Structure formats: structure tokens, C-alpha cells
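Reviewing the structure listed below.
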Amino acid sequence: MDKIQLRATLKSFLRVPAETGLVVAGHLFSWLSPRVPGSITSYRAMADEVDISSLIDRLPGWRWLLPRVEADNSLTWRDARVPLEKHPWGMEQPTDRGPIVPVHEIDVFLVPGLAFDRAGRRLGRGSGFYDRELVNRRSDSVAVGVTVESRVLEFVPTEQHDQAMRFLATESGVNASIPTT
């Protein structure tokens with residue numbers, strides 16, 4: 001199955017229950033707590049994504065950032081505590097207040113996706129926003145795919161520009177991906 005067919009199949013998934021989001025957020029809390037706080041990205045979940053927004057209040061020592069899709073279709077990172085607005089595609093995002101945080105200042109990226117595989121390959125919504133950002137991240141930063149176990153597939157097709165996650169966070173915990181050789 002190619003990316004387009006897989007995306008069409010996965011978009012039919014129902015809402016992720018709030019309780020599941022709390023379980024995943026709990027695992028991320030335990031995983032992040034012993035780390036030295038730094039800059040971390042999250043996202044405002046759409047109905048078919050895992051809601052981990054509770055982490056922002058549970059880990060106040062971190063500098064929390066959210067993605068914003070700009071008018072030129074670039075992705076920028078803004079402070080998570082600025083007012084939110086609804087993007088035409090349906091997700092909530094920060095308003096254009098405050099400074100844009102450069103990608104090289106970010107330590108941890110919490111990344112949603114339609115599906116992942118155990119090698120960390122990610123299937124997003126098809127616009128490539130996260131891939132374009134993650135390719136420019138620091139080599140010591142960490143990308144964590146956030147999903148539910150039912151969306152961790154045996155194989156996710158990728159293209160050369162697709163960026164893999166180093167960890168996957170699900171209701172089973174936060175586990176290192178297993179890169180393929």
C-alpha cells in the first residue's frame with residue numbers, strides 16, 4: 001500500500017479517547033521528568049490524534065512550543081501559552097504573537113502522526129511540515145512520535161525526505177524505535 005492509500009485508510013479512524021491521551025501523557029511525563037528541562041514542542045490534537053496537552057501544566061520547567069502554519073505554508077514554533085486560533089484546516093495553533101523560536105533551539109519534538117512503525121517511520125497528513133522542520137534540527141535533539149498502539153504498523157512507506165522518530169510514545173510506554181539497516 002502506498003502513502004496515499006494508507007492515508008485514506010487511516011483517516012477513517014475514530015477519535016482517540018481522552019483517557020488514552022492521559023495514559024500516553026503519563027508515560028511521556030515519566031520519561032521527560034528525569035531529563036534536564038529545555039525547549040520542547042507539542043501540538044494541539046485533532047480528533048484523531050493523541051491529546052497530550054496536559055503535559056504543559058505538569059512539566060512547567062520546560063519551554064513549551066506549539067507549531068503554527070504561516071501564510072506562506074511554512075511551520076514556525078511559538079510559545080504554547082499565547083492565545084490560540086483555529087487554522088482553516090481545523091487544528092488550533094498559536095496566534096502570531098511573540099517571537100518565533102528557531103528549530104535549532106528545540107531539544108525535544110513531540111510529533112503526531114496518522115501512523116508509525118517500530119523503525120520510527122512516520123506517516124503524516126501529507127504536507128511535509130514536520131519533515132521540513134526536523135531535517136534542520138540539532139543532531140542531539142530528540143524526535144518522539146506520539147500515537148496509539150493500533151496505529152503502529154508493521155511498515156510505513158517513506159520517501160527520501162521523510163524524517164524518522166527516535167522514540168515512539170503510546171499507551172504502552174515510551175520506547176526507542178528500532179532503525180532498519
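Simple scheme: letters A, B, ... for chains in C-alpha cells order, numbers from 1 for residues in each chain, numbers from 1 for ligands in the order shown.
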When DSSP works through the backbone of this structure, what residues of segment 67-166 of chain A end up as alpha helix (DSSP H), shown as a ChimeraX atom specification? /A:129-134
Write out the residues from the selection above, keeping C-alpha atoms, as an mmCIF file, in the first residue's frame.
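What landed in part17.cif:
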```
data_model
loop_
_atom_site.group_PDB
_atom_site.id
_atom_site.type_symbol
_atom_site.label_atom_id
_atom_site.label_comp_id
_atom_site.auth_asym_id
_atom_site.auth_seq_id
_atom_site.Cartn_x
_atom_site.Cartn_y
_atom_site.Cartn_z
ATOM 1 C CA PHE A 129 5.601 20.375 7.619
ATOM 2 C CA TYR A 130 7.290 18.290 10.296
ATOM 3 C CA ASP A 131 9.767 16.705 7.864
ATOM 4 C CA ARG A 132 10.920 20.134 6.652
ATOM 5 C CA GLU A 133 11.471 21.251 10.248
ATOM 6 C CA LEU A 134 13.029 18.068 11.604
#
```
Give me, as a compact mmCIF listing (two decimals) with N, CA and C atoms, in the first residue's frame, all polymer residues having an atom no more than 9 Å from Val101 of chain A, counting only C-alpha atoms and skipping those fewer than 6 positions away in the same chain.
```txt
# COMPACT_ATOMS: atom_id res chain seq x y z
N LEU A 65 6.45 24.79 23.27
CA LEU A 65 6.21 25.44 21.99
C LEU A 65 5.15 24.66 21.21
N THR A 76 6.24 27.39 11.91
CA THR A 76 7.06 28.07 12.90
C THR A 76 6.68 27.55 14.28
N TRP A 77 7.53 27.82 15.25
CA TRP A 77 7.30 27.38 16.63
C TRP A 77 7.09 28.60 17.49
N ARG A 78 5.97 28.60 18.22
CA ARG A 78 5.60 29.73 19.08
C ARG A 78 5.34 29.24 20.50
N ASP A 79 5.42 30.16 21.45
CA ASP A 79 5.15 29.84 22.85
C ASP A 79 3.76 29.24 22.99
```
Find the residue from A:Leu153, A:Val36, A:Val142, A:Val69 that sits nearest to Ala176 of chain A; use only C-alpha atoms when measuring.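 So, comparing all the options, the nearest one is A:Val142.
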Which residues come within 12 Å of segment 156-159 of chain A, counting only C-alpha atoms, excluding same-chain residues fewer than 2 positions away, as a PDB file with N, CA and C atoms, in the first residue's frame?
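This went into result.pdb:
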```pdb
ATOM      1  N   MET A   1       0.843  -1.171   0.000  1.00  0.00           N
ATOM      2  CA  MET A   1       0.000   0.000   0.000  1.00  0.00           C
ATOM      3  C   MET A   1       0.895   1.244   0.000  1.00  0.00           C
ATOM      4  N   ASP A   2       0.610   2.216  -0.847  1.00  0.00           N
ATOM      5  CA  ASP A   2       1.419   3.427  -0.857  1.00  0.00           C
ATOM      6  C   ASP A   2       0.886   4.435   0.167  1.00  0.00           C
ATOM      7  N   LYS A   3       1.596   5.566   0.298  1.00  0.00           N
ATOM      8  CA  LYS A   3       1.241   6.559   1.302  1.00  0.00           C
ATOM      9  C   LYS A   3      -0.173   7.114   1.114  1.00  0.00           C
ATOM     10  N   ILE A   4      -0.560   7.361  -0.110  1.00  0.00           N
ATOM     11  CA  ILE A   4      -1.885   7.945  -0.379  1.00  0.00           C
ATOM     12  C   ILE A   4      -2.985   6.973   0.041  1.00  0.00           C
ATOM     13  N   GLN A   5      -2.842   5.708  -0.335  1.00  0.00           N
ATOM     14  CA  GLN A   5      -3.836   4.704   0.039  1.00  0.00           C
ATOM     15  C   GLN A   5      -3.867   4.499   1.557  1.00  0.00           C
ATOM     16  N   LEU A   6      -2.706   4.437   2.162  1.00  0.00           N
ATOM     17  CA  LEU A   6      -2.625   4.239   3.606  1.00  0.00           C
ATOM     18  C   LEU A   6      -3.236   5.423   4.347  1.00  0.00           C
ATOM     19  N   ARG A   7      -2.942   6.628   3.886  1.00  0.00           N
ATOM     20  CA  ARG A   7      -3.514   7.832   4.495  1.00  0.00           C
ATOM     21  C   ARG A   7      -5.039   7.808   4.421  1.00  0.00           C
ATOM     22  N   LEU A  10      -6.332   5.321   6.985  1.00  0.00           N
ATOM     23  CA  LEU A  10      -6.136   5.741   8.371  1.00  0.00           C
ATOM     24  C   LEU A  10      -6.980   6.940   8.754  1.00  0.00           C
ATOM     25  N   GLY A 113       1.079  11.828  14.337  1.00  0.00           N
ATOM     26  CA  GLY A 113       1.091  11.216  13.011  1.00  0.00           C
ATOM     27  C   GLY A 113      -0.117  10.317  12.838  1.00  0.00           C
ATOM     28  N   LEU A 114      -0.431  10.021  11.594  1.00  0.00           N
ATOM     29  CA  LEU A 114      -1.521   9.081  11.319  1.00  0.00           C
ATOM     30  C   LEU A 114      -1.100   7.662  11.652  1.00  0.00           C
ATOM     31  N   ALA A 115       0.185   7.358  11.443  1.00  0.00           N
ATOM     32  CA  ALA A 115       0.717   6.030  11.760  1.00  0.00           C
ATOM     33  C   ALA A 115       2.231   6.112  11.864  1.00  0.00           C
ATOM     34  N   PHE A 116       2.786   5.109  12.538  1.00  0.00           N
ATOM     35  CA  PHE A 116       4.231   4.954  12.675  1.00  0.00           C
ATOM     36  C   PHE A 116       4.530   3.469  12.540  1.00  0.00           C
ATOM     37  N   ASP A 117       5.804   3.148  12.368  1.00  0.00           N
ATOM     38  CA  ASP A 117       6.208   1.750  12.509  1.00  0.00           C
ATOM     39  C   ASP A 117       7.315   1.700  13.547  1.00  0.00           C
ATOM     40  N   ARG A 118       7.705   0.490  13.941  1.00  0.00           N
ATOM     41  CA  ARG A 118       8.683   0.334  15.031  1.00  0.00           C
ATOM     42  C   ARG A 118      10.065   0.886  14.670  1.00  0.00           C
ATOM     43  N   ALA A 119      10.315   1.115  13.395  1.00  0.00           N
ATOM     44  CA  ALA A 119      11.584   1.719  12.971  1.00  0.00           C
ATOM     45  C   ALA A 119      11.538   3.239  13.081  1.00  0.00           C
ATOM     46  N   GLY A 120      10.393   3.794  13.520  1.00  0.00           N
ATOM     47  CA  GLY A 120      10.281   5.234  13.692  1.00  0.00           C
ATOM     48  C   GLY A 120       9.799   5.963  12.460  1.00  0.00           C
ATOM     49  N   ARG A 121       9.487   5.227  11.406  1.00  0.00           N
ATOM     50  CA  ARG A 121       8.962   5.884  10.204  1.00  0.00           C
ATOM     51  C   ARG A 121       7.568   6.412  10.504  1.00  0.00           C
ATOM     52  N   ARG A 122       7.266   7.592   9.984  1.00  0.00           N
ATOM     53  CA  ARG A 122       6.020   8.294  10.291  1.00  0.00           C
ATOM     54  C   ARG A 122       5.232   8.575   9.028  1.00  0.00           C
ATOM     55  N   LEU A 123       3.924   8.412   9.136  1.00  0.00           N
ATOM     56  CA  LEU A 123       3.012   8.844   8.085  1.00  0.00           C
ATOM     57  C   LEU A 123       2.221  10.015   8.633  1.00  0.00           C
ATOM     58  N   GLY A 124       2.474  11.196   8.061  1.00  0.00           N
ATOM     59  CA  GLY A 124       1.742  12.389   8.463  1.00  0.00           C
ATOM     60  C   GLY A 124       0.555  12.624   7.545  1.00  0.00           C
ATOM     61  N   GLY A 126       0.509  14.586   4.956  1.00  0.00           N
ATOM     62  CA  GLY A 126       0.883  14.739   3.564  1.00  0.00           C
ATOM     63  C   GLY A 126       1.432  16.085   3.154  1.00  0.00           C
ATOM     64  N   GLY A 128       4.140  17.614   4.738  1.00  0.00           N
ATOM     65  CA  GLY A 128       5.582  17.639   4.953  1.00  0.00           C
ATOM     66  C   GLY A 128       6.077  18.685   5.929  1.00  0.00           C
ATOM     67  N   ASP A 131       8.540  17.163   8.519  1.00  0.00           N
ATOM     68  CA  ASP A 131       9.767  16.705   7.864  1.00  0.00           C
ATOM     69  C   ASP A 131      10.682  17.874   7.514  1.00  0.00           C
ATOM     70  N   ARG A 151      -2.075   2.098  15.804  1.00  0.00           N
ATOM     71  CA  ARG A 151      -1.549   2.794  14.623  1.00  0.00           C
ATOM     72  C   ARG A 151      -0.046   2.619  14.468  1.00  0.00           C
ATOM     73  N   VAL A 152       0.512   1.681  15.206  1.00  0.00           N
ATOM     74  CA  VAL A 152       1.908   1.294  14.992  1.00  0.00           C
ATOM     75  C   VAL A 152       1.849   0.085  14.075  1.00  0.00           C
ATOM     76  N   LEU A 153       2.220   0.317  12.841  1.00  0.00           N
ATOM     77  CA  LEU A 153       2.080  -0.688  11.794  1.00  0.00           C
ATOM     78  C   LEU A 153       3.383  -1.455  11.590  1.00  0.00           C
ATOM     79  N   GLU A 154       3.293  -2.524  10.842  1.00  0.00           N
ATOM     80  CA  GLU A 154       4.487  -3.300  10.538  1.00  0.00           C
ATOM     81  C   GLU A 154       5.449  -2.504   9.655  1.00  0.00           C
ATOM     82  N   HIS A 161      12.839  12.297   1.819  1.00  0.00           N
ATOM     83  CA  HIS A 161      12.788  13.470   2.698  1.00  0.00           C
ATOM     84  C   HIS A 161      12.150  13.193   4.060  1.00  0.00           C
ATOM     85  N   ASP A 162      11.521  12.032   4.238  1.00  0.00           N
ATOM     86  CA  ASP A 162      10.822  11.719   5.480  1.00  0.00           C
ATOM     87  C   ASP A 162      11.812  11.539   6.625  1.00  0.00           C
ATOM     88  N   GLN A 163      11.455  12.100   7.773  1.00  0.00           N
ATOM     89  CA  GLN A 163      12.305  12.054   8.952  1.00  0.00           C
ATOM     90  C   GLN A 163      11.765  11.031   9.951  1.00  0.00           C
ATOM     91  N   ALA A 164      12.631  10.170  10.442  1.00  0.00           N
ATOM     92  CA  ALA A 164      12.234   9.129  11.392  1.00  0.00           C
ATOM     93  C   ALA A 164      12.267   9.660  12.817  1.00  0.00           C
TER      94      ALA A 164
END
```
Between atom CA of Pro102 of chain A and atom CA of Leu32 of chain A lies a distance of 21.5 Å
Name all residues at most 6 Å from Met165 of chain A (count only C-alpha atoms; drop same-chain ones fewer than 2 positions away) and give them as a PyMOL selection string. chain A and resi 120+143-145+167
Next, the residues of the selection above should be written as a PDB file, in the first residue's frame with N, CA and C atoms.
```pdb
ATOM      1  N   GLY A 120      10.393   3.794  13.520  1.00  0.00           N
ATOM      2  CA  GLY A 120      10.281   5.234  13.692  1.00  0.00           C
ATOM      3  C   GLY A 120       9.799   5.963  12.460  1.00  0.00           C
ATOM      4  N   ALA A 143      13.344  13.343  18.537  1.00  0.00           N
ATOM      5  CA  ALA A 143      12.008  13.344  17.945  1.00  0.00           C
ATOM      6  C   ALA A 143      11.249  12.128  18.465  1.00  0.00           C
ATOM      7  N   VAL A 144      10.060  12.392  19.018  1.00  0.00           N
ATOM      8  CA  VAL A 144       9.229  11.341  19.611  1.00  0.00           C
ATOM      9  C   VAL A 144       7.892  11.311  18.877  1.00  0.00           C
ATOM     10  N   GLY A 145       7.593  10.209  18.240  1.00  0.00           N
ATOM     11  CA  GLY A 145       6.295  10.036  17.603  1.00  0.00           C
ATOM     12  C   GLY A 145       5.254   9.708  18.662  1.00  0.00           C
ATOM     13  N   PHE A 167      12.037   7.839  19.128  1.00  0.00           N
ATOM     14  CA  PHE A 167      11.208   7.156  20.115  1.00  0.00           C
ATOM     15  C   PHE A 167       9.759   7.179  19.658  1.00  0.00           C
TER      16      PHE A 167
END
```
Point-to-point distance in Å for atom CA of Ala80 of chain A and atom CA of Ile40 of chain A: 9.9 Å
Excluding Thr95 of chain A and its own-chain neighbours fewer than 6 positions away, which residues fall within 8 Å of it when counting only C-alpha atoms? Please give them as a ChimeraX atom specification. /A:68,82-85
C-alpha atoms of the current selection, written as a compact mmCIF listing (two decimals), in the first residue's frame:
```txt
# COMPACT_ATOMS: atom_id res chain seq x y z
CA ARG A 68 1.94 27.45 13.67
CA VAL A 82 -0.08 32.61 23.75
CA PRO A 83 -3.75 32.75 22.69
CA LEU A 84 -4.83 30.13 20.16
CA GLU A 85 -6.75 30.45 16.92
```
If I take atom CA of Pro17 of chain A and atom CA of Asp57 of chain A, how far is one from the other in Å, to one decimal? 20.0 Å
